[in-house]
Number of protein chains: 2
Amino acid sequence: MTTLGLHVIADIGGASGLDDCARIDATLRSAAQAAGVTVLDVRMHHFGEGCGVTGVVLLAESHISIHTWPEHALAAVDIFVCGPLADADAALAEICARLGGHVVMRRDIARLALG
Amino acid sequence: MTTLGLHVIADIGGASGLDDCARIDATLRSAAQAAGVTVLDVRMHHFGEGCGVTGVVLLAESHISIHTWPEHALAAVDIFVCGPLADADAALAEICARLGGHVVMRRDIARLALG
């Protein structure tokens with residue numbers, strides 16, 4: 001069965017800097033670079049001083065998103081990439097490294113089965 | 001176990017109008033309204049005449065995204081909502097209704113377990 005994409009859903013625990021919008025922005029851009037994908041747009045929203053951040057990177061190959069809860073040291077990530085060259089594992093590893101956290105839940109979902 | 005969010009991953013088949021950026025934009029906004037969530041930002045990217053569309057809605061409650069492949073009549077949707085009042089089922093039903101498609105794959109993932 002051919003599928004068009006891979007969607008990696010991951011929760012990251014024990015992370016820090018989750019209320020730092022600039023840091024999350026840089027983390028997402030670095031993750032996209034690690035994955036070898038093409039960034040079309042980056043949108044960030046900061047819920048306020050000491051609060052969480054939402055960030056989404058629109059890719060030519062789909063998207064990467066993050067939502068953070070600094071009060072729980074938790075970040076919810078999803079990395080959806082299409083094409084055989086996009087490396088979702090590398091993107092997730094980069095996010096963990098930059099946030100100093102580790103994966104506490106992960107699901108890999110094959111998207112868009114053909115035929 | 002308490003979790004902070006629900007992430008609904010769904011592929012929609014047999015859909016139409018998937019190369020119509022304005023239609024996809026309106027579909028996402030309508031889905032957010034159906035879910036009872038708060039829209040912070042909407043970002044769309046059209047890959048060109050007759051080609052697919054990527055759209056992301058940043059929500060106060062997380063996000064809704066869509067990626068479309070008109071050549072396969074397929075759309076990949078994810079609806080990530082936090083809070084007990086956000087209705088992901090209603091959002092997915094609204095997207096299917098507006099695009100004239102049906103769910104061919106769905107996974108529901110509880111996000112961000114606490115304690």
# chains A, B, ... in the order shown; residues from 1 in each chain; ligands from 1
call {"tool": "interface_residues", "arguments": {"of": "chain B", "to": "chain A", "cutoff": "10 Å", "atoms": "only C-alpha atoms", "output": "ChimeraX atom specification"}}
result
/B:4-5,7,9-13,40-45,47,53-63,65-69,72,74-78,80,104-107,109-115
call {"tool": "residues_around", "arguments": {"residues": "region 87-93 of chain A", "least_positions_apart": "6", "cutoff": "6 Å", "atoms": "only C-alpha atoms", "output": "PyMOL selection string"}}
result
chain A and resi 31+34-35
call {"tool": "select_by_dssp", "arguments": {"residues": "chain B", "states": "alpha helix (DSSP H)", "output": "PyMOL selection string"}}
result
chain B and resi 21-35+88-99
call {"tool": "write_last_selection", "arguments": {"atoms": "N, CA, C and O atoms", "output": "tab-separated table (two decimals), in the first residue's frame"}}
result
chain	number	residue	atom	x	y	z
B	21	CYS	N	-8.96	27.42	-2.79
B	21	CYS	CA	-8.39	27.93	-1.54
B	21	CYS	C	-9.45	28.66	-0.70
B	21	CYS	O	-9.50	28.48	0.52
B	22	ALA	N	-10.29	29.45	-1.34
B	22	ALA	CA	-11.31	30.19	-0.59
B	22	ALA	C	-12.31	29.23	0.06
B	22	ALA	O	-12.76	29.45	1.19
B	23	ARG	N	-12.62	28.17	-0.64
B	23	ARG	CA	-13.54	27.17	-0.09
B	23	ARG	C	-12.93	26.45	1.11
B	23	ARG	O	-13.59	26.20	2.12
B	24	ILE	N	-11.64	26.12	1.01
B	24	ILE	CA	-10.96	25.44	2.12
B	24	ILE	C	-10.86	26.39	3.32
B	24	ILE	O	-11.08	25.98	4.47
B	25	ASP	N	-10.56	27.64	3.07
B	25	ASP	CA	-10.49	28.65	4.13
B	25	ASP	C	-11.83	28.73	4.86
B	25	ASP	O	-11.90	28.65	6.10
B	26	ALA	N	-12.91	28.84	4.09
B	26	ALA	CA	-14.25	28.93	4.69
B	26	ALA	C	-14.60	27.66	5.44
B	26	ALA	O	-15.25	27.70	6.50
B	27	THR	N	-14.16	26.53	4.91
B	27	THR	CA	-14.42	25.23	5.56
B	27	THR	C	-13.76	25.16	6.93
B	27	THR	O	-14.36	24.72	7.92
B	28	LEU	N	-12.51	25.61	7.00
B	28	LEU	CA	-11.79	25.57	8.28
B	28	LEU	C	-12.43	26.50	9.31
B	28	LEU	O	-12.58	26.15	10.49
B	29	ARG	N	-12.81	27.69	8.87
B	29	ARG	CA	-13.44	28.64	9.80
B	29	ARG	C	-14.78	28.09	10.30
B	29	ARG	O	-15.13	28.24	11.48
B	30	SER	N	-15.51	27.46	9.40
B	30	SER	CA	-16.79	26.88	9.78
B	30	SER	C	-16.60	25.70	10.73
B	30	SER	O	-17.40	25.50	11.66
B	31	ALA	N	-15.55	24.93	10.50
B	31	ALA	CA	-15.24	23.80	11.39
B	31	ALA	C	-14.92	24.30	12.80
B	31	ALA	O	-15.36	23.71	13.80
B	32	ALA	N	-14.16	25.38	12.87
B	32	ALA	CA	-13.82	25.94	14.18
B	32	ALA	C	-15.08	26.42	14.90
B	32	ALA	O	-15.25	26.20	16.10
B	33	GLN	N	-15.96	27.04	14.13
B	33	GLN	CA	-17.22	27.51	14.72
B	33	GLN	C	-18.04	26.33	15.23
B	33	GLN	O	-18.61	26.38	16.34
B	34	ALA	N	-18.08	25.27	14.43
B	34	ALA	CA	-18.84	24.06	14.83
B	34	ALA	C	-18.27	23.46	16.11
B	34	ALA	O	-19.01	22.93	16.95
B	35	ALA	N	-16.96	23.53	16.25
B	35	ALA	CA	-16.30	22.96	17.43
B	35	ALA	C	-16.47	23.83	18.66
B	35	ALA	O	-16.19	23.38	19.78
B	88	ALA	N	-14.45	18.22	18.77
B	88	ALA	CA	-13.69	17.83	17.57
B	88	ALA	C	-14.58	17.07	16.59
B	88	ALA	O	-14.42	17.20	15.37
B	89	ASP	N	-15.51	16.27	17.10
B	89	ASP	CA	-16.41	15.52	16.21
B	89	ASP	C	-17.22	16.47	15.33
B	89	ASP	O	-17.41	16.21	14.14
B	90	ALA	N	-17.69	17.53	15.93
B	90	ALA	CA	-18.49	18.50	15.16
B	90	ALA	C	-17.64	19.17	14.09
B	90	ALA	O	-18.11	19.41	12.97
B	91	ALA	N	-16.38	19.45	14.41
B	91	ALA	CA	-15.49	20.06	13.42
B	91	ALA	C	-15.26	19.11	12.25
B	91	ALA	O	-15.31	19.52	11.08
B	92	LEU	N	-15.01	17.84	12.55
B	92	LEU	CA	-14.75	16.87	11.48
B	92	LEU	C	-16.00	16.68	10.62
B	92	LEU	O	-15.91	16.62	9.38
B	93	ALA	N	-17.15	16.60	11.25
B	93	ALA	CA	-18.39	16.44	10.49
B	93	ALA	C	-18.62	17.63	9.57
B	93	ALA	O	-19.07	17.48	8.42
B	94	GLU	N	-18.31	18.82	10.05
B	94	GLU	CA	-18.48	20.03	9.24
B	94	GLU	C	-17.55	20.01	8.02
B	94	GLU	O	-17.95	20.38	6.91
B	95	ILE	N	-16.30	19.58	8.24
B	95	ILE	CA	-15.35	19.51	7.12
B	95	ILE	C	-15.84	18.50	6.07
B	95	ILE	O	-15.84	18.79	4.87
B	96	CYS	N	-16.27	17.33	6.52
B	96	CYS	CA	-16.78	16.32	5.59
B	96	CYS	C	-17.99	16.85	4.81
B	96	CYS	O	-18.09	16.66	3.59
B	97	ALA	N	-18.89	17.49	5.51
B	97	ALA	CA	-20.11	17.99	4.87
B	97	ALA	C	-19.77	19.04	3.81
B	97	ALA	O	-20.29	19.02	2.69
B	98	ARG	N	-18.87	19.94	4.15
B	98	ARG	CA	-18.53	21.03	3.22
B	98	ARG	C	-17.75	20.54	2.02
B	98	ARG	O	-17.82	21.14	0.94
B	99	LEU	N	-16.96	19.48	2.20
B	99	LEU	CA	-16.14	18.97	1.08
B	99	LEU	C	-16.80	17.79	0.38
B	99	LEU	O	-16.24	17.26	-0.59
call {"tool": "select_by_dssp", "arguments": {"residues": "chain B", "states": "strand (DSSP E)", "output": "PyMOL selection string"}}
result
chain B and resi 2-13+39-46+53-59+62-69+74-82+102-114
call {"tool": "atom_distance", "arguments": {"atom1": "CA of Thr38 (chain A)", "atom2": "CA of Ala86 (chain A)"}}
result
9.5 Å
call {"tool": "atom_distance", "arguments": {"atom1": "CA of Pro70 (chain A)", "atom2": "CA of Leu6 (chain B)"}}
result
18.7 Å
call {"tool": "atom_distance", "arguments": {"atom1": "CA of Ile79 (chain A)", "atom2": "CA of Gly100 (chain A)"}}
result
18.2 Å
call {"tool": "closest_residue", "arguments": {"among": "B:Ala73, B:Cys82, B:Ile64, B:Met1", "to": "Asp19 (chain B)", "atoms": "only C-alpha atoms"}}
result
B:Ala73
